[in-house]
Amino acid sequence: MSRKKSRKQVFENVEVIDAGAKGKTIAKAPDGKIILLPNAVPGDVVDVQTFKKRKAYYEGKATIFHKLSDKRVEPACEHFGTCGGCKWQDMGYEHQLFYKQKEVTNNLVRIGHIELPEVTPILGAEKQYFYRNKMEFSFSDARWLTLEEIQSDKDLGDKNALGFHIPGMWDKILDLNMCHLQADPSNVIRNSVKQFAIENDLEFFNTRNQTGLLRTMMIRTSSTGDIMVMIQFFKDDQAKRELLLDYIAETFPQITSLQYVINGKANDTIYDQEVICYKGADHIFEEMEGLKFKINAKSFYQTNSEQAFELYKITRDFAGLSGEELVYDLYTGTGTIAQFVAKKASKVIGVESVPDAITAAKENAQLNGINNVEFFVGDMKNVFNDAFIKTHGEPDVIITDPPRDGMHKDVVQQILNIAPKKVVYVSCNSATQARDLELMDAQYKVVKTQAVDMFPQTFHVENVVLLEHR
């Protein structure tokens with residue numbers, strides 16, 4: 001039953017029946033429309049307060065829980081529900097994997113209209129917590145207050161925060177006590193830096209007013225034991241800057257790369273900023289199957305090192321290389337996949353639009369003594385043209401790992417024009433992957449598909465597809 005409440009509605013005793021895209025779960029309203037919920041688990045029976053009505057669905061929130069799902073588990077993190085980082089901590093890991101697999105398969109079938117082979121079960125992660133090698137935290141002089149804190153008459157004490165943005169609120173920062181995504185010393189470093197900054201009157205940033213000194217902190221860790229810490233300052237105050245950086249260096253001698261940025265512009269992005277090395281090296285190293293990858297503050301590297309290794313092994317396995325093939329690696333990034341498959345290929349050509357990434361790719365290939373890879377920079381749809389193919393040869397295999405938006409239709413068309421025997425498509429968004437696969441379906445058959453869980457406790461999932469020319 002339902003009752004109206006102004007323009008919003010309340011639905012009572014609704015069963016949550018499924019999980020959908022972007023971590024939302026799904027219930028059905030009495031009128032047959034679906035309801036998208038951010039705070040329930042499939043199997044819960046709940047009352048729902050809607051706050052948006054669309055033509056085909058409602059958006060709402062579970063307000064009363066009449067029955068709790070047997071798929072539920074106790075969230076590990078004290079910040080769960082306020083922090084938007086891990087939306088699925090309240091769902092058992094085996095069920096997370098089930099819904100990730102289901103989403104990938106549904107997207108390929110419903111969006112791509114693809115005829116699928118027998119689907120290989122999703123590859124889960126051995127580590128379900130403390131798996132990230134990179135975290136970015138924001139400073140704020142006005143931390144996010146819970147409703148209980150706002151309504152309380154107690155002294156709320158210190159208002160400074162060092163943590164994550166509240167979902168959908170660019171100027172609100174949740175102060176973190178303990179995060180379960182990156183292994184220590186990450187939490188210890190963050191909490192110590194916050195405490196030292198407060199004790200020494202180092203001003204935390206105010207996003208709205210664009211005031212303060214401390215903006216962000218990035219911590220990168222690696223499987224080789226390297227640790228990078230980078231502090232972003234809003235203004236150039238040498239005395240305060242050196243006070244903080246010296247404290248970090250002395251308190252955490254295990255940090256191998258201590259860097260900083262002075263960024264006085266409106267946003268936090270560092271890609272157009274000079275990164276200055278204060279102590280140690282200006283990079284850290286990641287290692288995978290004997291290959292070393294040099295990572296600087298601006299480098300892209302898969303944030304789950306252990307699962308990236310599994311993802312790359314699947315990609316190489318799908319490519320089925322004999323040592324004779326010319327391979328193109330599109331959207332190569334810093335050339336990790338290109339170098340990973342190089343020893344099984346005759347030659348690998350990597351293409352990427354970010355100049356810094358290509359510089360890193362060339363440097364890493366040299367570092368690893370790999371001389372059968374070449375890297376080229378430019379917008380994919382412009383670089384990957386007939387003249388490029390004529391110069392570098394027709395590939396036997398194409399590996400493509402595009403960003404979330406998928407491949408530009410001109411890139412898809414060029415692949416169809418070249419018609420290599422095999423295409424291995426790695427995707428972090430199975431919806432855009434499915435869209436691209438539909439464009440290729442007349443010429444290519446999906447022979448294998450394998451989902452890989454890179455981000456436990458979240459709804460994100462990678463998928464690898466092997467296409468063979470019909």
# chains A, B, ... in the order shown; residues from 1 in each chain; ligands from 1

call {"tool": "select_by_dssp", "arguments": {"residues": "segment 61-224 of chain A", "states": "alpha helix (DSSP H)", "output": "PyMOL selection string"}}
result
chain A and resi 93-106+147-151+186-199

call {"tool": "write_last_selection", "arguments": {"atoms": "C-alpha atoms", "output": "JSON list (two decimals), in the first residue's frame"}}
result
[["chain", "number", "residue", "atom", "x", "y", "z"],
["A", 93, "TYR", "CA", 31.10, -10.49, -0.70],
["A", 94, "GLU", "CA", 29.74, -13.54, -2.55],
["A", 95, "HIS", "CA", 26.53, -11.56, -3.21],
["A", 96, "GLN", "CA", 28.51, -8.52, -4.40],
["A", 97, "LEU", "CA", 30.19, -10.78, -6.96],
["A", 98, "PHE", "CA", 26.84, -12.24, -8.03],
["A", 99, "TYR", "CA", 25.35, -8.81, -8.78],
["A", 100, "LYS", "CA", 28.49, -7.56, -10.53],
["A", 101, "GLN", "CA", 28.48, -10.62, -12.78],
["A", 102, "LYS", "CA", 24.76, -10.16, -13.42],
["A", 103, "GLU", "CA", 25.18, -6.49, -14.37],
["A", 104, "VAL", "CA", 27.94, -7.28, -16.89],
["A", 105, "THR", "CA", 25.96, -10.11, -18.48],
["A", 106, "ASN", "CA", 22.74, -8.05, -18.60],
["A", 147, "LEU", "CA", 22.38, 15.15, 12.13],
["A", 148, "GLU", "CA", 22.99, 13.92, 15.69],
["A", 149, "GLU", "CA", 25.91, 16.35, 16.09],
["A", 150, "ILE", "CA", 23.88, 19.26, 14.70],
["A", 151, "GLN", "CA", 20.99, 18.55, 17.07],
["A", 186, "SER", "CA", 48.10, 5.09, 5.44],
["A", 187, "ASN", "CA", 45.72, 5.69, 8.37],
["A", 188, "VAL", "CA", 48.57, 6.45, 10.77],
["A", 189, "ILE", "CA", 50.13, 9.00, 8.40],
["A", 190, "ARG", "CA", 46.80, 10.73, 7.72],
["A", 191, "ASN", "CA", 45.78, 10.97, 11.38],
["A", 192, "SER", "CA", 49.26, 12.10, 12.46],
["A", 193, "VAL", "CA", 49.39, 14.82, 9.81],
["A", 194, "LYS", "CA", 45.95, 16.07, 10.85],
["A", 195, "GLN", "CA", 46.91, 16.17, 14.53],
["A", 196, "PHE", "CA", 50.22, 17.93, 13.88],
["A", 197, "ALA", "CA", 48.54, 20.51, 11.62],
["A", 198, "ILE", "CA", 45.96, 21.33, 14.31],
["A", 199, "GLU", "CA", 48.57, 21.58, 17.08]]

call {"tool": "select_by_dssp", "arguments": {"residues": "segment 208-296 of chain A", "states": "strand (DSSP E or B)", "output": "PyMOL selection string"}}
result
chain A and resi 211+214-221+227-233+257-262+276-280+284-288+291-295

call {"tool": "residues_around", "arguments": {"residues": "Val411 of chain A", "least_positions_apart": "3", "cutoff": "8 Å", "atoms": "only C-alpha atoms", "output": "PyMOL selection string"}}
result
chain A and resi 380-381+384+407-408+414-415

call {"tool": "closest_atom_pairs", "arguments": {"of": "segment 271-366 of chain A", "to": "segment 424-429 of chain A", "cutoff": "7 Å", "atoms": "only C-alpha atoms", "output": "CSV"}}
result
residue,atom,partner,partner_atom,distance
A:Thr315,CA,A:Val424,CA,6.8
A:Phe318,CA,A:Val424,CA,6.7
A:Ala319,CA,A:Val424,CA,6.3

call {"tool": "residues_around", "arguments": {"residues": "segment 210-217 of chain A", "least_positions_apart": "4", "cutoff": "6 Å", "atoms": "only C-alpha atoms", "output": "PyMOL selection string"}}
result
chain A and resi 136-139+203-206+230-235

call {"tool": "write_last_selection", "arguments": {"atoms": "C-alpha atoms", "output": "PDB file, in the first residue's frame"}}
result
ATOM      1  CA  GLU A 136      43.584  11.067  -1.937  1.00  0.00           C
ATOM      2  CA  PHE A 137      42.307  12.978   1.085  1.00  0.00           C
ATOM      3  CA  SER A 138      41.043  16.563   1.347  1.00  0.00           C
ATOM      4  CA  PHE A 139      41.583  19.063   4.159  1.00  0.00           C
ATOM      5  CA  GLU A 203      45.082  26.381   8.421  1.00  0.00           C
ATOM      6  CA  PHE A 204      42.892  23.777   6.766  1.00  0.00           C
ATOM      7  CA  PHE A 205      41.399  24.775   3.404  1.00  0.00           C
ATOM      8  CA  ASN A 206      37.985  26.371   2.978  1.00  0.00           C
ATOM      9  CA  MET A 230      52.292  14.382  -1.579  1.00  0.00           C
ATOM     10  CA  ILE A 231      50.848  17.440   0.175  1.00  0.00           C
ATOM     11  CA  GLN A 232      49.045  20.107  -1.819  1.00  0.00           C
ATOM     12  CA  PHE A 233      49.313  23.623  -0.376  1.00  0.00           C
ATOM     13  CA  PHE A 234      47.037  26.496  -1.393  1.00  0.00           C
ATOM     14  CA  LYS A 235      49.683  29.174  -0.899  1.00  0.00           C
TER      15      LYS A 235
END

call {"tool": "residues_around", "arguments": {"residues": "Phe164 of chain A", "least_positions_apart": "2", "cutoff": "9 Å", "atoms": "only C-alpha atoms", "output": "number ranges by chain"}}
result
A: 83-85, 136-139, 161-162, 166-167, 172-176

call {"tool": "residues_around", "arguments": {"residues": "Asp44 of chain A", "least_positions_apart": "3", "cutoff": "12 Å", "atoms": "only C-alpha atoms", "output": "list in words"}}
result
Asn13, Val14, Glu15, Val16, Ile17, Asp18, Ala19, Thr25, Ile26, Ala27, Leu37, Asn39, Ala40, Val41, Asp47, Val48, Ala62, Thr63, Ile64, Phe65, His66, Lys67, Leu68, Ser69, Asp70, Lys71, Arg72, Asp90 and Met91 of chain A

call {"tool": "closest_residue", "arguments": {"among": "A:Gln443, A:Gln302, A:Asn267, A:Asn200", "to": "Lys240 of chain A", "atoms": "only C-alpha atoms"}}
result
A:Asn200

call {"tool": "atom_distance", "arguments": {"atom1": "atom CA of His460 of chain A", "atom2": "atom CA of Gly23 of chain A"}}
result
8.3 Å

call {"tool": "residues_around", "arguments": {"residues": "Ile284 of chain A", "least_positions_apart": "2", "cutoff": "10 Å", "atoms": "only C-alpha atoms", "output": "PDB file with C-alpha atoms, in the first residue's frame"}}
result
ATOM      1  CA  ARG A 220      50.655   5.937  -2.711  1.00  0.00           C
ATOM      2  CA  THR A 221      51.990   2.559  -1.567  1.00  0.00           C
ATOM      3  CA  SER A 222      53.484  -0.209  -3.672  1.00  0.00           C
ATOM      4  CA  THR A 224      57.899  -3.116  -3.477  1.00  0.00           C
ATOM      5  CA  GLY A 225      57.492  -1.354  -0.097  1.00  0.00           C
ATOM      6  CA  ASP A 226      57.811   2.175  -1.501  1.00  0.00           C
ATOM      7  CA  ILE A 227      55.594   4.922  -0.048  1.00  0.00           C
ATOM      8  CA  MET A 228      54.851   8.291  -1.647  1.00  0.00           C
ATOM      9  CA  ILE A 255      58.395   7.255   3.197  1.00  0.00           C
ATOM     10  CA  THR A 256      60.593   6.975   0.099  1.00  0.00           C
ATOM     11  CA  SER A 257      59.083   9.911  -1.826  1.00  0.00           C
ATOM     12  CA  GLY A 280      63.698  11.044  -1.324  1.00  0.00           C
ATOM     13  CA  ALA A 281      62.940  10.186  -4.951  1.00  0.00           C
ATOM     14  CA  ASP A 282      60.320  11.850  -7.159  1.00  0.00           C
ATOM     15  CA  GLU A 286      55.575  -1.022  -8.697  1.00  0.00           C
ATOM     16  CA  PHE A 293      56.986   0.426 -13.375  1.00  0.00           C
ATOM     17  CA  LYS A 294      58.172   3.854 -12.266  1.00  0.00           C
ATOM     18  CA  ILE A 295      55.254   5.851 -10.889  1.00  0.00           C
ATOM     19  CA  ASN A 296      55.340   9.581 -10.243  1.00  0.00           C
ATOM     20  CA  ALA A 297      52.731  11.764  -8.530  1.00  0.00           C
TER      21      ALA A 297
END

call {"tool": "atom_distance", "arguments": {"atom1": "atom CA of Gln9 of chain A", "atom2": "atom CA of Ile35 of chain A"}}
result
11.3 Å

call {"tool": "closest_residue", "arguments": {"among": "A:Pro420, A:Gly32, A:Pro185, A:Gly378", "to": "Pro395 of chain A", "atoms": "only C-alpha atoms"}}
result
A:Pro420

call {"tool": "atom_distance", "arguments": {"atom1": "atom CA of Asn371 of chain A", "atom2": "atom CA of His283 of chain A"}}
result
22.8 Å

call {"tool": "closest_residue", "arguments": {"among": "A:Pro38, A:Ile399, A:Glu118, A:Asn304", "to": "Leu181 of chain A", "atoms": "only C-alpha atoms"}}
result
A:Asn304
